[in-house]
>>> print(open('query_1.csv').read())   # CSV, C-alpha atoms
chain,number,residue,atom,x,y,z
Q,1,MET,CA,0.0,0.0,0.0
Q,2,LYS,CA,1.5,3.3,-1.2
Q,3,HIS,CA,0.3,5.4,1.7
Q,4,THR,CA,1.2,2.9,4.5
Q,5,PRO,CA,4.9,3.4,4.8
Q,6,GLY,CA,7.3,1.9,7.4
Q,7,LEU,CA,5.5,-1.4,8.0
Q,8,PRO,CA,6.8,-5.0,7.4
Q,9,VAL,CA,5.0,-6.5,4.4
Q,10,ASP,CA,4.1,-9.7,6.3
Q,11,LEU,CA,2.4,-7.7,9.1
Q,12,LEU,CA,0.6,-5.5,6.5
Q,13,ARG,CA,-0.5,-8.6,4.6
Q,14,ARG,CA,-2.1,-10.0,7.8
Q,15,TRP,CA,-4.1,-6.8,8.4
Q,16,VAL,CA,-5.2,-6.6,4.8
Q,17,ALA,CA,-6.1,-10.2,4.6
Q,18,ASP,CA,-8.3,-10.0,7.8
Q,19,SER,CA,-10.0,-6.8,6.6
Q,20,TRP,CA,-10.5,-8.3,3.1
Q,21,GLU,CA,-12.1,-11.4,4.4
Q,22,TYR,CA,-14.5,-9.4,6.6
Q,23,PHE,CA,-15.6,-6.8,4.0
Q,24,SER,CA,-15.6,-9.1,1.0
Q,25,ASN,CA,-17.8,-11.6,2.8
Q,26,MET,CA,-20.3,-8.9,3.8
Q,27,THR,CA,-20.4,-7.7,0.2
Q,28,LEU,CA,-21.5,-11.2,-1.0
Q,29,THR,CA,-24.2,-11.7,1.6
Q,30,ASP,CA,-27.6,-10.3,2.5
Q,31,LYS,CA,-25.8,-7.8,4.7
Q,32,ALA,CA,-24.6,-5.8,1.7
Q,33,ALA,CA,-27.3,-3.2,1.7
Q,34,GLU,CA,-27.3,-2.4,5.4
Q,35,THR,CA,-23.5,-2.3,5.7
Q,36,GLY,CA,-23.0,-0.3,2.5
Q,37,CYS,CA,-20.6,-2.8,1.0
Q,38,GLN,CA,-20.6,-2.7,-2.8
Q,39,LEU,CA,-18.9,-5.0,-5.3
Q,40,VAL,CA,-17.7,-2.5,-8.0
Q,41,PRO,CA,-15.4,-2.9,-11.0
Q,42,GLY,CA,-13.0,-0.1,-11.8
Q,43,TYR,CA,-9.6,1.0,-13.1
Q,44,PHE,CA,-6.3,2.1,-11.7
Q,45,PHE,CA,-4.0,4.2,-14.0
Q,46,SER,CA,-0.3,5.1,-13.5
Q,47,ASN,CA,2.8,6.0,-15.4
Q,48,GLU,CA,4.9,3.5,-13.4
Q,49,VAL,CA,4.4,-0.2,-13.4
Q,50,LEU,CA,2.5,-1.2,-10.2
Q,51,ILE,CA,4.8,-3.1,-8.0
Q,52,ASN,CA,2.7,-4.0,-5.0
Q,53,GLU,CA,2.1,-7.6,-4.2
Q,54,LEU,CA,-0.9,-6.8,-2.0
Q,55,PHE,CA,-2.8,-4.8,-4.6
Q,56,GLY,CA,-3.7,-7.8,-6.8
Q,57,GLU,CA,-3.9,-10.3,-4.0
Q,58,PHE,CA,-6.9,-9.1,-2.1
Q,59,VAL,CA,-9.5,-8.2,-4.8
Q,60,TYR,CA,-12.1,-10.2,-6.7
Q,61,THR,CA,-10.4,-9.8,-10.1
Q,62,TYR,CA,-7.2,-8.2,-11.2
Q,63,ALA,CA,-5.7,-7.8,-14.7
Q,64,LYS,CA,-3.2,-5.5,-16.3
Q,65,MET,CA,-4.7,-3.7,-19.3
Q,66,THR,CA,-3.1,-4.1,-22.7
Q,67,ASP,CA,-1.9,-1.1,-24.7
Q,68,THR,CA,-4.9,-1.7,-27.0
Q,69,GLU,CA,-7.3,-1.5,-24.1
Q,70,LEU,CA,-5.7,1.7,-22.8
Q,71,LYS,CA,-6.0,3.3,-26.2
Q,72,ALA,CA,-9.7,2.1,-26.5
Q,73,MET,CA,-10.5,4.0,-23.3
Q,74,ARG,CA,-8.5,7.1,-24.6
Q,75,MET,CA,-6.1,6.8,-21.6
Q,76,ASP,CA,-2.9,6.0,-23.6
Q,77,LYS,CA,-2.0,9.7,-23.8
Q,78,LYS,CA,-2.4,10.2,-20.1
Q,79,TYR,CA,-1.0,7.1,-18.5
Q,80,LYS,CA,1.3,4.3,-19.6
Q,81,HIS,CA,-0.2,1.6,-17.5
Q,82,GLY,CA,-3.8,0.6,-16.5
Q,83,TYR,CA,-5.3,-2.2,-14.3
Q,84,HIS,CA,-8.8,-3.5,-14.3
Q,85,VAL,CA,-9.8,-4.4,-10.8
Q,86,THR,CA,-13.0,-5.6,-9.1
Q,87,THR,CA,-13.1,-4.9,-5.4
Q,88,VAL,CA,-15.2,-3.7,-2.5
Q,89,ILE,CA,-16.3,-0.1,-1.9
Q,90,THR,CA,-17.7,0.6,1.6
Q,91,CYS,CA,-20.2,3.4,2.0
Q,92,CYS,CA,-19.3,4.7,5.5
Q,93,THR,CA,-22.6,6.6,6.0
Q,94,ARG,CA,-24.2,3.2,6.1
Q,95,TYR,CA,-21.4,1.1,7.5
Q,96,MET,CA,-20.6,3.2,10.6
Q,97,PRO,CA,-24.2,3.4,11.9
Q,98,TRP,CA,-24.5,-0.4,11.4
Q,99,LEU,CA,-21.3,-1.0,13.2
Q,100,MET,CA,-22.4,1.2,16.1
Q,101,ASN,CA,-25.7,-0.7,16.4
Q,102,LYS,CA,-23.8,-4.0,16.6
Q,103,TRP,CA,-21.7,-2.6,19.4
Q,104,LEU,CA,-24.8,-1.6,21.3
Q,105,GLU,CA,-26.6,-4.9,20.6
Q,106,HIS,CA,-23.7,-6.7,22.2
Q,107,GLY,CA,-23.8,-4.7,25.4
Q,108,GLY,CA,-21.3,-2.0,24.4
Q,109,ILE,CA,-21.7,1.4,26.1
Q,110,VAL,CA,-21.0,4.8,24.6
Q,111,GLU,CA,-20.0,7.8,26.8
Q,112,SER,CA,-19.3,11.2,25.3
Q,113,LYS,CA,-16.7,13.2,27.2
Q,114,THR,CA,-13.4,15.1,26.7
Q,115,ILE,CA,-10.3,13.5,28.1
Q,116,GLY,CA,-7.7,16.0,28.9
Q,117,ASP,CA,-5.2,13.6,30.4
Q,118,PHE,CA,-4.8,9.8,30.7
Q,119,ASN,CA,-4.5,10.3,34.5
Q,120,GLN,CA,-8.3,10.5,34.4
Q,121,LEU,CA,-8.5,6.9,33.3
Q,122,VAL,CA,-6.2,5.3,35.9
Q,123,GLY,CA,-8.2,3.1,38.3
Q,124,VAL,CA,-11.3,3.4,36.2
Q,125,TYR,CA,-10.5,1.0,33.4
Q,126,ASP,CA,-8.3,-2.2,33.4
Q,127,VAL,CA,-7.0,-1.4,29.9
Q,128,VAL,CA,-7.5,1.5,27.5
Q,129,VAL,CA,-7.4,1.3,23.7
Q,130,ASN,CA,-6.1,4.6,22.4
Q,131,CYS,CA,-7.8,5.4,19.1
Q,132,THR,CA,-7.6,9.2,19.6
Q,133,GLY,CA,-5.9,9.8,16.2
Q,134,LEU,CA,-4.7,13.4,16.0
Q,135,ARG,CA,-5.4,14.0,19.8
Q,136,SER,CA,-2.5,11.6,20.5
Q,137,ASN,CA,-0.3,14.5,19.7
Q,138,THR,CA,-1.4,16.3,22.9
Q,139,LEU,CA,-2.6,13.4,25.0
Q,140,ILE,CA,0.6,11.3,24.9
Q,141,LYS,CA,3.0,13.8,23.2
Q,142,ASP,CA,3.3,11.9,20.0
Q,143,ASP,CA,4.6,14.5,17.6
Q,144,THR,CA,4.8,12.0,14.7
Q,145,VAL,CA,1.0,11.9,14.2
Q,146,HIS,CA,-0.2,14.5,11.8
Q,147,PRO,CA,-3.2,15.4,9.6
Q,148,LEU,CA,-3.6,14.5,5.9
Q,149,ARG,CA,-6.2,17.0,4.9
Q,150,GLY,CA,-8.6,15.6,2.3
Q,151,HIS,CA,-11.1,17.5,0.2
Q,152,LEU,CA,-13.7,15.6,-1.8
Q,153,ILE,CA,-16.9,16.5,-3.7
Q,154,ARG,CA,-20.0,14.4,-3.8
Q,155,VAL,CA,-21.9,14.5,-7.0
Q,156,LYS,CA,-24.9,13.0,-8.7
Q,157,ALA,CA,-23.8,11.1,-11.9
Q,158,ASP,CA,-26.0,8.0,-12.2
Q,159,TRP,CA,-24.3,7.1,-15.6
Q,160,ILE,CA,-21.0,6.4,-13.8
Q,161,LYS,CA,-21.1,2.7,-12.5
Q,162,TYR,CA,-17.4,2.1,-12.0
Q,163,TRP,CA,-14.5,3.6,-10.0
Q,164,MET,CA,-11.3,5.2,-11.2
Q,165,TYR,CA,-8.1,5.9,-9.3
Q,166,THR,CA,-4.8,7.3,-10.4
Q,167,GLU,CA,-1.2,7.4,-9.1
Q,168,ASP,CA,-1.5,11.2,-8.8
Q,169,GLY,CA,-4.4,11.1,-6.5
Q,170,ALA,CA,-7.4,11.9,-8.8
Q,171,TYR,CA,-10.3,9.5,-8.1
Q,172,ILE,CA,-13.9,8.9,-9.0
Q,173,ILE,CA,-15.6,6.5,-6.6
Q,174,PRO,CA,-19.3,5.4,-6.5
Q,175,ASN,CA,-20.4,5.7,-2.9
Q,176,GLY,CA,-24.0,4.7,-2.2
Q,177,ASP,CA,-26.3,6.9,-4.3
Q,178,VAL,CA,-23.6,9.5,-5.1
Q,179,ILE,CA,-20.2,9.6,-6.6
Q,180,SER,CA,-17.2,10.9,-4.6
Q,181,ILE,CA,-14.5,12.7,-6.6
Q,182,GLY,CA,-11.2,13.9,-5.3
Q,183,GLY,CA,-8.9,14.5,-3.9
Q,184,THR,CA,-6.2,16.1,-1.8
Q,185,ARG,CA,-3.7,14.8,0.7
Q,186,GLU,CA,-2.2,17.8,2.4
Q,187,LYS,CA,0.3,16.9,5.2
Q,188,GLY,CA,0.1,19.0,8.3
Q,189,ASN,CA,-2.9,21.1,7.2
Q,190,TYR,CA,-5.5,21.4,10.0
Q,191,ASN,CA,-7.9,23.6,8.0
Q,192,THR,CA,-11.4,22.0,7.7
Q,193,ASP,CA,-12.9,24.9,5.7
Q,194,ILE,CA,-14.0,24.4,2.1
Q,195,ASP,CA,-11.3,25.9,-0.1
Q,196,LYS,CA,-12.7,27.0,-3.5
Q,197,THR,CA,-9.3,26.7,-5.0
Q,198,ASP,CA,-9.3,23.0,-4.0
Q,199,SER,CA,-12.8,22.7,-5.3
Q,200,LYS,CA,-11.8,23.9,-8.7
Q,201,ASP,CA,-8.7,21.8,-8.8
Q,202,VAL,CA,-10.5,18.6,-7.8
Q,203,MET,CA,-13.2,19.1,-10.4
Q,204,ASP,CA,-10.8,20.1,-13.1
Q,205,ARG,CA,-8.5,17.1,-12.5
Q,206,CYS,CA,-11.4,14.6,-12.4
Q,207,LEU,CA,-13.0,16.0,-15.6
Q,208,ASN,CA,-9.5,15.8,-17.3
Q,209,LEU,CA,-9.2,12.2,-16.1
Q,210,TRP,CA,-12.7,11.3,-17.3
Q,211,PRO,CA,-14.6,13.7,-19.5
Q,212,PRO,CA,-17.9,11.6,-19.3
Q,213,LEU,CA,-18.2,13.0,-15.7
Q,214,LYS,CA,-19.2,16.4,-17.3
Q,215,GLY,CA,-22.8,17.2,-16.4
Q,216,CYS,CA,-22.6,15.8,-12.9
Q,217,LYS,CA,-24.5,17.8,-10.2
Q,218,VAL,CA,-22.6,18.8,-7.1
Q,219,VAL,CA,-24.5,17.6,-4.0
Q,220,GLU,CA,-22.0,18.6,-1.3
Q,221,GLU,CA,-18.3,19.2,-0.5
Q,222,TRP,CA,-16.5,17.8,2.5
Q,223,VAL,CA,-13.2,18.3,4.1
Q,224,GLY,CA,-11.7,15.9,6.7
Q,225,LEU,CA,-8.4,15.3,8.5
Q,226,ARG,CA,-7.0,11.8,8.2
Q,227,PRO,CA,-4.8,11.0,11.3
Q,228,ALA,CA,-1.5,9.7,9.7
Q,229,ARG,CA,1.7,8.3,11.2
Q,230,SER,CA,4.7,6.6,9.7
Q,231,PRO,CA,4.4,3.8,10.6
Q,232,LEU,CA,0.8,3.6,12.0
Q,233,ARG,CA,0.9,2.8,15.7
Q,234,LEU,CA,-0.4,-0.5,16.9
Q,235,GLU,CA,1.3,-1.7,20.1
Q,236,PRO,CA,0.9,-2.1,23.9
Q,237,GLU,CA,2.4,0.2,26.4
Q,238,ILE,CA,2.2,0.7,30.2
Q,239,LEU,CA,2.0,4.4,30.6
Q,240,LYS,CA,3.5,5.9,33.7
Q,241,THR,CA,1.1,8.5,35.1
Q,242,ASN,CA,0.9,10.6,38.2
Q,243,LYS,CA,-1.8,8.2,39.5
Q,244,GLY,CA,0.1,5.1,38.7
Q,245,PRO,CA,0.6,2.7,35.7
Q,246,LEU,CA,-2.1,2.5,33.0
Q,247,LYS,CA,-2.3,-0.4,30.5
Q,248,VAL,CA,-2.8,1.0,27.0
Q,249,VAL,CA,-3.0,-0.5,23.5
Q,250,HIS,CA,-2.4,2.2,20.8
Q,251,ASN,CA,-4.2,1.8,17.5
Q,252,TYR,CA,-4.0,5.0,15.4
Q,253,GLY,CA,-2.4,6.7,12.5
Q,254,HIS,CA,-3.9,4.8,9.6
Q,255,GLY,CA,-4.1,7.8,7.3
Q,256,SER,CA,-6.0,7.2,4.1
Q,257,ASN,CA,-6.2,3.5,4.7
Q,258,GLY,CA,-8.5,3.7,7.7
Q,259,ILE,CA,-11.3,1.6,6.4
Q,260,ALA,CA,-9.2,-0.8,4.4
Q,261,LEU,CA,-7.1,-1.7,7.4
Q,262,SER,CA,-9.7,-1.2,10.1
Q,263,TRP,CA,-10.8,-4.8,10.7
Q,264,GLY,CA,-7.4,-6.3,10.5
Q,265,THR,CA,-5.9,-3.9,12.9
Q,266,ALA,CA,-8.9,-4.2,15.2
Q,267,ILE,CA,-8.3,-8.0,15.4
Q,268,HIS,CA,-4.7,-7.4,16.2
Q,269,ALA,CA,-5.5,-4.8,18.8
Q,270,ALA,CA,-8.0,-7.1,20.5
Q,271,LYS,CA,-5.3,-9.8,20.8
Q,272,LEU,CA,-2.9,-7.2,22.3
Q,273,VAL,CA,-5.6,-6.3,24.8
Q,274,LYS,CA,-5.9,-9.9,25.9
Q,275,ASP,CA,-2.2,-10.3,26.1
Q,276,ILE,CA,-1.7,-7.2,28.2
Q,277,MET,CA,-4.5,-8.1,30.5
Q,278,ASP,CA,-3.1,-11.6,31.0
Q,279,SER,CA,0.4,-10.2,31.7
Q,280,ASN,CA,1.5,-8.8,35.0
Q,281,SER,CA,4.9,-7.8,33.6
Q,282,ARG,CA,5.8,-4.2,32.9
Q,283,MET,CA,6.4,-3.5,29.2
>>> encode(input="query_1.csv", output="structure tokens")
Amino acid sequence: MKHTPGLPVDLLRRWVADSWEYFSNMTLTDKAAETGCQLVPGYFFSNEVLINELFGEFVYTYAKMTDTELKAMRMDKKYKHGYHVTTVITCCTRYMPWLMNKWLEHGGIVESKTIGDFNQLVGVYDVVVNCTGLRSNTLIKDDTVHPLRGHLIRVKADWIKYWMYTEDGAYIIPNGDVISIGGTREKGNYNTDIDKTDSKDVMDRCLNLWPPLKGCKVVEEWVGLRPARSPLRLEPEILKTNKGPLKVVHNYGHGSNGIALSWGTAIHAAKLVKDIMDSNSRM
């Protein structure tokens, strides 16, 4: 994965494999509608040969396009290489509410509060899983976690039934009943306001990538901050606080691969929670 640096390939493969099994299974069952998991064919275009053993391993279908196929799609003047891939796209506006309902159905409890210091948690919980993302910067003084600002536009374009992604970050992705087009990946930018310069840049790049998009109707624009870290942090720690030791499992910094790696890293984090609970040793 291009945007998941600093990780051993075997560890990344385990996370991807667990996530792929989870999301691909839901896509092929009667849970597809409620979870927002769609089976969608699409294309990846680049000027460099794709050398990523994971890319073609965890998808339904994967084939490098021939020069004739690139030319037939009028992509030969823009990119040297193309790949036809069938994979899963997860609509988070459906998936996240479904996941929360599952949590509640299994006895999970949700409390909404601001934590200013991990001292507040000592003696209250046996173990804490830290998924605070960008707040880890201040909560545990991790200055390696940073935002990757993303700006996308949601449009209506019901004639687009496939996704497109490029090495330079332009993408067109069906997402429920809209198409998401983008995007930006601005390191260190905390601005969550809509920037009209970005809006024009995103639209221009996507129309240049795929002229059939012309005529789409803008539904909304969205800016979000992806918590990124190199490498992402998934490890146990016993924090020394003013009130005593606190067992913590860190799980944050996934950047733009948050959904793709979410289930695999969650399984790993759950194992670490069990291990740290079973252990009386100081780590």
>>> closest_residue(input="query_1.csv", among="Q:Trp98, Q:His84, Q:Cys92, Q:Val248", to="Ile140 of chain Q", atoms="only C-alpha atoms")
Q:Val248
>>> residues_around(input="query_1.csv", residues="Glu220 of chain Q", least_positions_apart="6", cutoff="12 Å", atoms="all atoms listed in the file", output="PyMOL selection string")
chain Q and resi 151-156+178-181+194+199
>>> residues_around(input="query_1.csv", residues="segment 163-176 of chain Q", least_positions_apart="5", cutoff="8 Å", atoms="only C-alpha atoms", output="JSON, numbers by chain")
{"Q": [36, 40, 41, 42, 43, 44, 45, 46, 47, 89, 90, 91, 181, 182, 183, 184, 202, 205, 206, 209]}
>>> residues_around(input="query_1.csv", residues="Arg233 of chain Q", least_positions_apart="3", cutoff="9 Å", atoms="all atoms listed in the file", output="list in words")
Arg229, Ser230, His250, Asn251, Tyr252, Gly253 and His254 of chain Q
>>> atom_distance(input="query_1.csv", atom1="atom CA of Val124 of chain Q", atom2="atom CA of Asn101 of chain Q")
24.8 Å
>>> atom_distance(input="query_1.csv", atom1="atom CA of Arg135 of chain Q", atom2="atom CA of Pro227 of chain Q")
9.0 Å
>>> decode(input="query_1.csv", residues="segment 38-65 of chain Q", atoms="N, CA and C atoms", output="short mmCIF file (atom, residue, chain, number, x, y, z; two decimals), in the first residue's frame")
data_model
loop_
_atom_site.label_atom_id
_atom_site.label_comp_id
_atom_site.auth_asym_id
_atom_site.auth_seq_id
_atom_site.Cartn_x
_atom_site.Cartn_y
_atom_site.Cartn_z
N GLN Q 38 -20.29 -2.56 -1.38
CA GLN Q 38 -20.63 -2.73 -2.78
C GLN Q 38 -19.50 -3.45 -3.53
N LEU Q 39 -19.86 -4.36 -4.42
CA LEU Q 39 -18.91 -4.95 -5.35
C LEU Q 39 -18.89 -4.08 -6.60
N VAL Q 40 -17.74 -3.46 -6.88
CA VAL Q 40 -17.68 -2.49 -7.97
C VAL Q 40 -16.41 -2.70 -8.80
N PRO Q 41 -16.55 -2.85 -10.11
CA PRO Q 41 -15.37 -2.91 -10.98
C PRO Q 41 -14.83 -1.50 -11.22
N GLY Q 42 -13.55 -1.43 -11.55
CA GLY Q 42 -12.97 -0.12 -11.81
C GLY Q 42 -11.58 -0.22 -12.39
N TYR Q 43 -10.89 0.93 -12.42
CA TYR Q 43 -9.61 1.02 -13.09
C TYR Q 43 -8.62 1.84 -12.27
N PHE Q 44 -7.36 1.38 -12.27
CA PHE Q 44 -6.27 2.14 -11.68
C PHE Q 44 -5.28 2.47 -12.79
N PHE Q 45 -4.91 3.76 -12.89
CA PHE Q 45 -4.01 4.21 -13.95
C PHE Q 45 -2.74 4.82 -13.36
N SER Q 46 -1.61 4.55 -14.00
CA SER Q 46 -0.33 5.08 -13.52
C SER Q 46 0.67 5.17 -14.65
N ASN Q 47 1.74 5.90 -14.41
CA ASN Q 47 2.83 5.98 -15.37
C ASN Q 47 4.00 5.09 -14.98
N GLU Q 48 3.89 4.48 -13.83
CA GLU Q 48 4.89 3.51 -13.37
C GLU Q 48 4.22 2.15 -13.26
N VAL Q 49 4.98 1.10 -13.53
CA VAL Q 49 4.44 -0.25 -13.35
C VAL Q 49 4.10 -0.44 -11.88
N LEU Q 50 2.93 -0.96 -11.61
CA LEU Q 50 2.49 -1.15 -10.24
C LEU Q 50 3.23 -2.34 -9.63
N ILE Q 51 4.08 -2.05 -8.67
CA ILE Q 51 4.80 -3.12 -7.97
C ILE Q 51 4.30 -3.15 -6.53
N ASN Q 52 3.27 -3.89 -6.32
CA ASN Q 52 2.66 -3.98 -4.99
C ASN Q 52 1.96 -5.33 -4.91
N GLU Q 53 2.61 -6.28 -4.25
CA GLU Q 53 2.08 -7.64 -4.25
C GLU Q 53 0.74 -7.75 -3.53
N LEU Q 54 0.41 -6.77 -2.70
CA LEU Q 54 -0.86 -6.83 -1.99
C LEU Q 54 -2.02 -6.34 -2.84
N PHE Q 55 -1.72 -5.47 -3.80
CA PHE Q 55 -2.78 -4.82 -4.57
C PHE Q 55 -3.62 -5.84 -5.33
N GLY Q 56 -2.95 -6.78 -6.00
CA GLY Q 56 -3.68 -7.75 -6.78
C GLY Q 56 -4.08 -8.99 -6.02
N GLU Q 57 -3.62 -9.10 -4.77
CA GLU Q 57 -3.86 -10.30 -3.98
C GLU Q 57 -5.22 -10.32 -3.31
N PHE Q 58 -5.68 -9.16 -2.86
CA PHE Q 58 -6.91 -9.10 -2.08
C PHE Q 58 -7.99 -8.29 -2.81
N VAL Q 59 -8.39 -8.81 -3.95
CA VAL Q 59 -9.48 -8.25 -4.75
C VAL Q 59 -10.20 -9.43 -5.39
N TYR Q 60 -11.36 -9.17 -5.99
CA TYR Q 60 -12.08 -10.25 -6.67
C TYR Q 60 -11.42 -10.60 -8.00
N THR Q 61 -11.13 -9.58 -8.81
CA THR Q 61 -10.45 -9.79 -10.08
C THR Q 61 -9.39 -8.72 -10.27
N TYR Q 62 -8.34 -9.07 -11.03
CA TYR Q 62 -7.22 -8.15 -11.23
C TYR Q 62 -6.53 -8.51 -12.54
N ALA Q 63 -6.40 -7.53 -13.43
CA ALA Q 63 -5.73 -7.79 -14.71
C ALA Q 63 -5.09 -6.52 -15.22
N LYS Q 64 -3.84 -6.63 -15.68
CA LYS Q 64 -3.18 -5.48 -16.29
C LYS Q 64 -3.78 -5.25 -17.68
N MET Q 65 -4.06 -4.00 -18.00
CA MET Q 65 -4.66 -3.68 -19.28
C MET Q 65 -3.60 -3.70 -20.38
#
